[in-house]
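Peer 1: Provided herewith is a single structure, encoded as structure tokens, for subsequent inquiry.
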Amino acid sequence: MATITLSSGRSFETTSEKSILDAAAQANVALPYSCRTGRCSTCRCKVISGLTTALNPETGLTELERAEGWILSCTRAAETDLVLDVDDLGGLILPTPKTLPCRINEIVHLAPDVIQVFLRLPPTADFEFTPGQYVDVIGPNGIHRSYSLANGSFADKVLELHIRSVDGGEFSEYWFKQAKPNDLLRIHGPLGTFFLRNTANIDLVFLATGTGIAPVKSILESLPRLKQDENPKSITVLWGGRKPADLYFDVSQIPGNFTFIPVLSRPDRSWKGQAGYVHDVLLKTIPNLQNAAVYACGSTAMIHSAKAKLTQASLPSSRFYSDAFVSSGTT
Ligand SMILES: Cc1cc2nc3c(=O)[nH]c(=O)nc-3n(C[C@H](O)[C@H](O)[C@H](O)COP(=O)(O)OP(=O)(O)OC[C@H]3O[C@@H](n4cnc5c(N)ncnc54)[C@H](O)[C@@H]3O)c2cc1C
Ligand code: FES
């Protein structure tokens with residue numbers, strides 16, 4: 001047994017076989033995380049004292065970060081008592097992940113390489129999620145991949161996913177060539193900590209690339225449920241793709257008071273909108289980000305670049321939240 005103490009002074013027990021993230025969850029301490037496979041670095045934290053051992057490769061860290069004492073809580077276990085420089089998510093209790101059966105209700109083709117999948121849970125299923133979270137879908141032969149939930153609520157027990165085809169991808173092969181209504185699958189979730197934090201009087205900004213718009217859609221649809229004293233000062237959504245077909249639905253149709261800016265990185269001459277990268281367009285649109293909170297979801301390249309550029313400008317680094325759609329396969 002070892003004791004892990006966080007910056008807040010909160011502590012919990014662990015063993016050498018368990019990842020720090022898992023030990024925290026078992027003790028009802030919510031630490032930030034996304035992929036759980038050492039790839040996205042959302043769970044990055046610094047060791048102040050004590051020793052850890054890596055349970056899996058830590059590809060989400062650079063050599064410099066390792067040398068500076070950073071670790072990934074999803075891949076590291078405590079060898080001795082530890083003091084970590086990381087904040088837990090306050091007293092937040094996240095919905096407990098569970099494994100449930102589901103059937104494909106409907107598959108809609110939104111773009112040549114993107115489908116919208118509706119999964120129907122049993123009418124008696126006891127499932128809840130916080131908008132922005134994702135689920136693991138467990139498919140044929142037990143392979144599982146992570147997909148963000150795109151609906152803001154699900155009173156009808158139907159979950160919405162937006163799935164992009166990855167060349168040569170094992171689960172993509174199933175989704176795009178074999179999947180049909182009524183197929184039996186399982187989900188495990190909800191997972192992840194990509195959800196809204198303090199919103200009161202904040203300039204709320206969402207950056208998305210590709211299917212990274214899915215959790216943003218979920219959060220936008222949930223905004224009408226904010227209490228009066230939680231209302232943001234402004235809401236801006238920037239969605240980037242290479243070509244017009246990558247922006248596969250009209251975000252401006254989501255009810256709510258927000259500014260939507262579609263952005264193309266490789267526009268042709270007929271494109272009248274913004275061109276470039278979403279974070280560069282954001283800096284042109286809102287040059288002063290001191291009062292902003294940025295929620296970025298999609299490619300790792302966009303997230304790394306956006307974090308570096310925006311925090312170097314005026315965004316406080318503690319108000320940059322992200323969910324990187326890294327490869328979620330384990331083989
Ligand atoms: C938290 C989280 C949420 C996600 N949400 C979504 C979502 O809402 N919609 C969605 O379409 N995808 C999402 N993804 C990605 C998804 O989980 C799969 O990784 C992706 O669909 C590929 O699965 P596959 O089985 O088709 O390909 P695999 O068989 O896993 O991979 C095939 C090849 O492609 C590479 N590859 C796989 N994924 C990526 C990637 N994202 N970028 C670059 N190379 C890759 C692999 O390294 C491998 O070489 C999410 C990932 C994470 C971690
Ligand atoms: S690297 Fe740990 S959650 Fe992604």
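Residues in the structure tokens are named by chain (A, B, ... in the order shown) and by number from 1 within that chain; ligands are numbered from 1 in the order shown.
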Residues at most 12 Å from range 184-191 of chain A, counting only C-alpha atoms, excluding those fewer than 6 positions away in the same chain, as a VMD selection string?
Peer 2: chain A and resid 25 30 to 36 94 to 105 118 to 122 125 to 149 159 161 174 to 175 323
Peer 1: Please identify all protein, DNA and RNA residues within 12 Å of ligand 2, counting only C-alpha atoms and all ligand atoms, and report them as a PyMOL selection string.
Peer 2: chain A and resi 19-22+31-45+54-62+70-76+146+191-194+300+322-328
Peer 1: Let me make sure I understand: among A:Asp229, A:Glu170, A:Glu160, A:Asp203, which one has the smallest atom-to-atom distance to ligand 1 if we use only C-alpha atoms and all ligand atoms?
Peer 2: A:Glu170
Peer 1: Could you check the closest approach to ligand 1 for each of A:Pro181, A:Pro215, A:Pro224, A:Pro232 and tell me which residue wins, using only C-alpha atoms and all ligand atoms?
Peer 2: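 Comparing A:Pro181, A:Pro215, A:Pro224, A:Pro232 against ligand 1, the winner is A:Pro215.
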Peer 1: Could you state the separation of CA of Asp113 in chain A and CA of Lys217 in chain A in Å, given to one decimal place?
Peer 2: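 Taking CA of Asp113 in chain A as the start and CA of Lys217 in chain A as the end point, the length is 18.8 Å.
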